[in-house]
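Asker: Mind having a look at this structure? Questions to follow.
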Protein chains: 2
Amino acid sequence: MKVDENEVRRRLGHFEAVVRAAGVRLTHQRLEVFREVAGSLDHPDAEAVFRAVRKRLRTVSLDTVYRTLRLLEDLGVLGTLGPRRESMRFDANLASHHHYVCLRCGLVRDFESADMSALPIPAEVREVGEVHGTFVEVRGFCRACEGKRQEESTAKHQKRPKGQERRRTWRRRSGS
Amino acid sequence: MKVDENEVRRRLGHFEAVVRAAGVRLTHQRLEVFREVAGSLDHPDAEAVFRAVRKRLRTVSLDTVYRTLRLLEDLGVLGTLGPRRESMRFDANLASHHHYVCLRCGLVRDFESADMSALPIPAEVREVGEVHGTFVEVRGFCRACEGKRQEESTAKHQKRPKGQERRRTWRRRSGS
DNA sequence: CTGACTGCAAACCCTTTGCAGACCG
DNA sequence: CGGTCTGCAAAGGGTTTGCAGTCAG
């Protein structure tokens, strides 16, 4: 599926402006990666972008696509689908409920809301396919993270502090 | 955070009943893994469960925790947070919008809804932290997948004559 | 020109899987 | 006791990173 041509042009303009303002270089690779995502309706992943971009830039590498997507996300011209999840998380609450998710530490808290559980589904959505359920995710920064967020907010691109993403202790295999 | 003790007991009862009905064995490991998730409010990931369970079963392995969580999910006594995502997906649409997600092929389609964008946030949620945005995900099976789903719907862990364990092998990537 | 960027490959993290011994029922 | 399960190690798939050569500004 393709995005409207005018909208794509608008996005490209914004993209170039942001890139220039951030002082990073505007390379073919970056332009083509952005153009691909900007012109696509179906939320491609890195490999889909890679396959598409490689048709025009035959020497582009998957690594560059990853690096570029990450850069564009940091610059704020691209978003990702859902908050970043390092790993799969489990839930024994089988009743209908919704989630509050902290964008910094990943804390998740359940809540219930009759309003949210009974949302009317737009007709255009029903045309896409059968509806199985509706889930609401409220995102924000939890009490504990609100403060800590400030110091990190200056991070432009390049050196992302990724302070909270502390790689936890891994499993000790041999020995121990 | 801890779940109410009565609720935990109820969940454990349901768990044992389902395990028995499915004809799979009720081992210490499985019991402890389930107890850990059932008693936790914060949606632990496999490693968090592993760390907690290992305090009581010092020899448990991370692999078993993974296997058990997957089993419990298949049995329907546990759920996962959000639909399974094989990889990160990107989006150049920065305007407020919501998503329809196909649970089988991963297709994502944007849509807008004034109702959904203006949902009132329950007071209890505001206490958890600052609210940054509200995102609605409508899940179901898209037109293309509705049919194919039937054939796959055979039970995964039901009691069944030996020799025909079905393994799920779908690892398709979403199509454009 | 010169340092930011790219391509390559190897590392990393989370998760799954093949195998042989352990243990539930 | 026999077939499930577990623990182990190693593979897999997605993503990141160190390095040296390359290209935008």
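Each chain in the structure tokens gets a letter, A, B, ..., in the order shown, and its residues are numbered from 1; ligands are numbered from 1 in order too.
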Sort by chain and increasing residue number a table of all residues of chain A within 8 Å of chain B, each with its closest pair of atoms and their distance in Å to one decimal, counting only C-alpha atoms, and write it as CSV.

Answerer:
```
residue,atom,partner,partner_atom,distance
A:Met1,CA,B:Ser176,CA,6.5
A:Arg11,CA,B:Ala92,CA,7.9
A:Val37,CA,B:Ala92,CA,6.1
A:Ala38,CA,B:Ala92,CA,5.1
A:Leu41,CA,B:Arg109,CA,7.0
A:Asp42,CA,B:Val108,CA,5.6
A:His43,CA,B:Phe90,CA,5.2
A:Pro44,CA,B:Arg89,CA,5.4
A:Asp45,CA,B:Arg89,CA,4.2
A:Ala46,CA,B:Arg89,CA,7.0
A:Leu69,CA,B:Phe90,CA,7.9
A:Val77,CA,B:Ala92,CA,6.7
A:Leu78,CA,B:Ala92,CA,4.7
A:Gly79,CA,B:Asp91,CA,5.0
A:Thr80,CA,B:Phe90,CA,4.5
A:Leu81,CA,B:Arg89,CA,5.5
A:Ser87,CA,B:Asp45,CA,6.4
A:Met88,CA,B:Asp45,CA,5.7
A:Arg89,CA,B:Asp45,CA,4.2
A:Phe90,CA,B:Thr80,CA,4.5
A:Asp91,CA,B:Gly79,CA,5.0
A:Ala92,CA,B:Leu78,CA,4.7
A:Asn93,CA,B:Leu78,CA,7.4
A:Leu94,CA,B:Gly79,CA,7.0
A:Tyr100,CA,B:Val125,CA,7.0
A:Cys102,CA,B:Gly129,CA,7.9
A:Leu107,CA,B:Asp42,CA,6.6
A:Val108,CA,B:Asp42,CA,5.6
A:Arg109,CA,B:Asp42,CA,6.2
A:Asp110,CA,B:Leu41,CA,7.6
A:Phe111,CA,B:Val125,CA,7.1
A:Ser113,CA,B:Pro122,CA,7.3
A:Asp115,CA,B:Leu119,CA,7.9
A:Met116,CA,B:Leu119,CA,7.4
A:Leu119,CA,B:Met116,CA,7.5
A:Pro122,CA,B:Ser113,CA,7.3
A:Glu124,CA,B:Phe111,CA,7.9
A:Val125,CA,B:Tyr100,CA,7.0
A:Val128,CA,B:Cys142,CA,5.7
A:Gly129,CA,B:Cys142,CA,3.8
A:Glu130,CA,B:Phe141,CA,5.3
A:Val131,CA,B:Gly140,CA,4.4
A:His132,CA,B:Gly140,CA,4.3
A:Gly133,CA,B:Arg139,CA,5.3
A:Thr134,CA,B:Val138,CA,4.4
A:Phe135,CA,B:Glu137,CA,5.1
A:Val136,CA,B:Val136,CA,4.5
A:Glu137,CA,B:Phe135,CA,5.1
A:Val138,CA,B:Thr134,CA,4.4
A:Arg139,CA,B:Gly133,CA,5.4
A:Gly140,CA,B:His132,CA,4.3
A:Phe141,CA,B:Glu130,CA,5.3
A:Cys142,CA,B:Gly129,CA,3.8
A:Arg143,CA,B:Gly129,CA,4.8
A:Glu146,CA,B:Glu130,CA,7.5
A:Arg171,CA,B:Leu62,CA,7.8
```

Asker: Those selected residues, please, written with C-alpha atoms and delivered as a short mmCIF file (atom, residue, chain, number, x, y, z; two decimals), in the first residue's frame.

Answerer:
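Contents of the output file result_23.cif:
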```cif
data_model
loop_
_atom_site.label_atom_id
_atom_site.label_comp_id
_atom_site.auth_asym_id
_atom_site.auth_seq_id
_atom_site.Cartn_x
_atom_site.Cartn_y
_atom_site.Cartn_z
CA MET A 1 0.00 0.00 0.00
CA ARG A 11 7.22 14.15 4.93
CA VAL A 37 9.04 4.15 5.30
CA ALA A 38 7.36 7.44 4.48
CA LEU A 41 1.25 2.19 4.82
CA ASP A 42 2.05 -1.16 6.30
CA HIS A 43 4.70 -0.39 8.89
CA PRO A 44 7.64 -2.27 7.46
CA ASP A 45 10.33 -3.83 9.61
CA ALA A 46 14.03 -3.32 9.04
CA LEU A 69 16.06 3.65 11.25
CA VAL A 77 10.87 11.73 12.07
CA LEU A 78 9.93 8.08 12.48
CA GLY A 79 8.08 6.25 15.18
CA THR A 80 7.98 2.61 16.12
CA LEU A 81 4.98 0.42 16.51
CA SER A 87 11.51 -9.30 25.85
CA MET A 88 8.16 -10.97 25.98
CA ARG A 89 6.13 -10.40 29.12
CA PHE A 90 3.49 -12.57 30.68
CA ASP A 91 0.20 -11.97 32.35
CA ALA A 92 -2.06 -14.26 34.38
CA ASN A 93 -4.92 -11.78 34.43
CA LEU A 94 -7.28 -13.22 31.86
CA TYR A 100 -0.50 1.64 31.57
CA CYS A 102 6.02 3.43 31.44
CA LEU A 107 6.61 -0.83 34.21
CA VAL A 108 3.16 -2.13 33.32
CA ARG A 109 0.07 -1.73 35.45
CA ASP A 110 -3.35 -3.16 34.68
CA PHE A 111 -6.55 -1.20 34.92
CA SER A 113 -12.41 0.76 32.11
CA ASP A 115 -15.56 2.93 28.39
CA MET A 116 -12.47 1.45 26.82
CA LEU A 119 -15.34 1.21 22.17
CA PRO A 122 -15.10 2.30 12.94
CA GLU A 124 -13.38 1.15 7.86
CA VAL A 125 -11.67 -1.10 10.38
CA VAL A 128 -9.96 -4.91 7.06
CA GLY A 129 -10.91 -8.05 8.92
CA GLU A 130 -12.64 -9.73 11.79
CA VAL A 131 -12.28 -7.98 15.14
CA HIS A 132 -11.13 -10.14 18.00
CA GLY A 133 -10.61 -7.59 20.73
CA THR A 134 -9.70 -4.01 21.49
CA PHE A 135 -6.77 -3.13 23.70
CA VAL A 136 -5.88 0.23 25.05
CA GLU A 137 -2.39 1.17 26.08
CA VAL A 138 -1.86 4.35 28.03
CA ARG A 139 1.76 5.42 27.79
CA GLY A 140 3.66 7.81 29.91
CA PHE A 141 6.33 8.09 32.57
CA CYS A 142 5.68 6.54 35.93
CA ARG A 143 6.25 8.37 39.19
CA GLU A 146 9.36 11.31 35.83
CA ARG A 171 22.56 -16.59 32.81
#
```

Asker: Within 7 Å of chain A, which residues belong to chain C? Use only C-alpha atoms (C1' of nucleotides) and report them as a PyMOL selection string.

Answerer: chain C and resi 6-7+14

Asker: As an exercise, work out the distance from CA of Arg9 in chain B to C1' of DT4 in chain D in Å and give it to one decimal place.

Answerer: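 Spanning CA of Arg9 in chain B to C1' of DT4 in chain D is a straight-line distance of 26.4 Å.
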
Asker: So these two share a sequence; what Cα RMSD do you get laying chain B over chain A, all Cα, in order, least squares?

Answerer: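 C-alpha RMSD after least-squares superposition: 5.7 Å.
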
Asker: Provide the C1' of DT15 in chain C to C1' of DG12 in chain D distance in Å, to one decimal place.

Answerer: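 Computing it gives 8.5 Å between the two atoms.
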
Asker: I need the residues in range 49-169 of chain A that are alpha helix (DSSP H) according to DSSP; give them as a PyMOL selection string.

Answerer: chain A and resi 49-56+62-75+114-117+123-128+143-152

Asker: Can you spit out the residues from that selection as an mmCIF file, in the first residue's frame, using C-alpha atoms?

Answerer:
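Printed below is again09.cif as written:
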```
data_model
loop_
_atom_site.group_PDB
_atom_site.id
_atom_site.type_symbol
_atom_site.label_atom_id
_atom_site.label_comp_id
_atom_site.auth_asym_id
_atom_site.auth_seq_id
_atom_site.Cartn_x
_atom_site.Cartn_y
_atom_site.Cartn_z
ATOM 1 C CA VAL A 49 12.931 -1.657 4.244
ATOM 2 C CA PHE A 50 16.247 -3.232 3.382
ATOM 3 C CA ARG A 51 14.785 -5.312 0.576
ATOM 4 C CA ALA A 52 13.007 -2.312 -0.910
ATOM 5 C CA VAL A 53 15.903 0.087 -0.618
ATOM 6 C CA ARG A 54 18.358 -2.367 -2.065
ATOM 7 C CA LYS A 55 16.482 -2.246 -5.349
ATOM 8 C CA ARG A 56 17.630 1.315 -5.757
ATOM 9 C CA LEU A 62 21.212 -4.250 6.412
ATOM 10 C CA ASP A 63 23.304 -2.745 9.186
ATOM 11 C CA THR A 64 23.009 0.683 7.693
ATOM 12 C CA VAL A 65 19.271 0.288 7.436
ATOM 13 C CA TYR A 66 19.126 -0.575 11.111
ATOM 14 C CA ARG A 67 21.400 2.279 12.045
ATOM 15 C CA THR A 68 19.441 4.695 9.917
ATOM 16 C CA LEU A 69 16.060 3.651 11.254
ATOM 17 C CA ARG A 70 17.349 4.097 14.751
ATOM 18 C CA LEU A 71 18.765 7.491 13.886
ATOM 19 C CA LEU A 72 15.521 8.621 12.289
ATOM 20 C CA GLU A 73 13.635 7.475 15.309
ATOM 21 C CA ASP A 74 15.945 9.453 17.574
ATOM 22 C CA LEU A 75 15.483 12.481 15.359
ATOM 23 C CA ALA A 114 -15.891 0.059 30.864
ATOM 24 C CA ASP A 115 -15.560 2.925 28.390
ATOM 25 C CA MET A 116 -12.475 1.454 26.817
ATOM 26 C CA SER A 117 -13.780 -2.065 26.692
ATOM 27 C CA ALA A 123 -16.616 0.763 9.834
ATOM 28 C CA GLU A 124 -13.383 1.146 7.857
ATOM 29 C CA VAL A 125 -11.670 -1.096 10.375
ATOM 30 C CA ARG A 126 -14.248 -3.823 10.095
ATOM 31 C CA GLU A 127 -13.546 -3.967 6.412
ATOM 32 C CA VAL A 128 -9.956 -4.914 7.059
ATOM 33 C CA ARG A 143 6.246 8.366 39.190
ATOM 34 C CA ALA A 144 9.678 6.914 39.687
ATOM 35 C CA CYS A 145 10.817 7.846 36.184
ATOM 36 C CA GLU A 146 9.355 11.311 35.827
ATOM 37 C CA GLY A 147 12.342 12.971 37.417
ATOM 38 C CA LYS A 148 15.095 10.896 35.938
ATOM 39 C CA ARG A 149 13.727 11.615 32.509
ATOM 40 C CA GLN A 150 14.904 15.212 32.460
ATOM 41 C CA GLU A 151 18.614 14.586 32.475
ATOM 42 C CA GLU A 152 18.293 12.178 29.596
#
```

Asker: Pull out every residue of chain D sitting within 12 Å of chain B, counting only C-alpha atoms (C1' of nucleotides), and send them as an mmCIF file with C-alpha atoms (C1' of nucleotides), in the first residue's frame.

Answerer:
```cif
data_model
loop_
_atom_site.group_PDB
_atom_site.id
_atom_site.type_symbol
_atom_site.label_atom_id
_atom_site.label_comp_id
_atom_site.auth_asym_id
_atom_site.auth_seq_id
_atom_site.Cartn_x
_atom_site.Cartn_y
_atom_site.Cartn_z
ATOM 1 C "C1'" DG D 3 6.861 -41.682 28.252
ATOM 2 C "C1'" DT D 4 7.112 -36.681 29.728
ATOM 3 C "C1'" DC D 5 9.970 -33.273 31.300
ATOM 4 C "C1'" DT D 6 14.140 -31.179 32.539
ATOM 5 C "C1'" DG D 7 18.870 -29.393 32.159
ATOM 6 C "C1'" DC D 8 22.488 -28.633 29.124
ATOM 7 C "C1'" DA D 9 24.642 -26.813 25.173
ATOM 8 C "C1'" DG D 13 16.794 -14.853 14.332
ATOM 9 C "C1'" DG D 14 16.744 -9.974 15.122
ATOM 10 C "C1'" DT D 15 19.665 -6.141 16.318
#
```

Asker: Please, what distance in Å, to one decimal, runs between CA of His97 in chain A and CA of Ala118 in chain A?

Answerer: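 CA of Ala118 in chain A lies at a distance of 11.4 Å from CA of His97 in chain A.
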
Asker: From range 10-154 of chain A, collect each residue whose DSSP state is strand (DSSP E or B) and return the set as a VMD selection string.

Answerer: chain A and resid 40 45 79 to 80 89 to 91 98 to 102 108 to 111 129 to 142
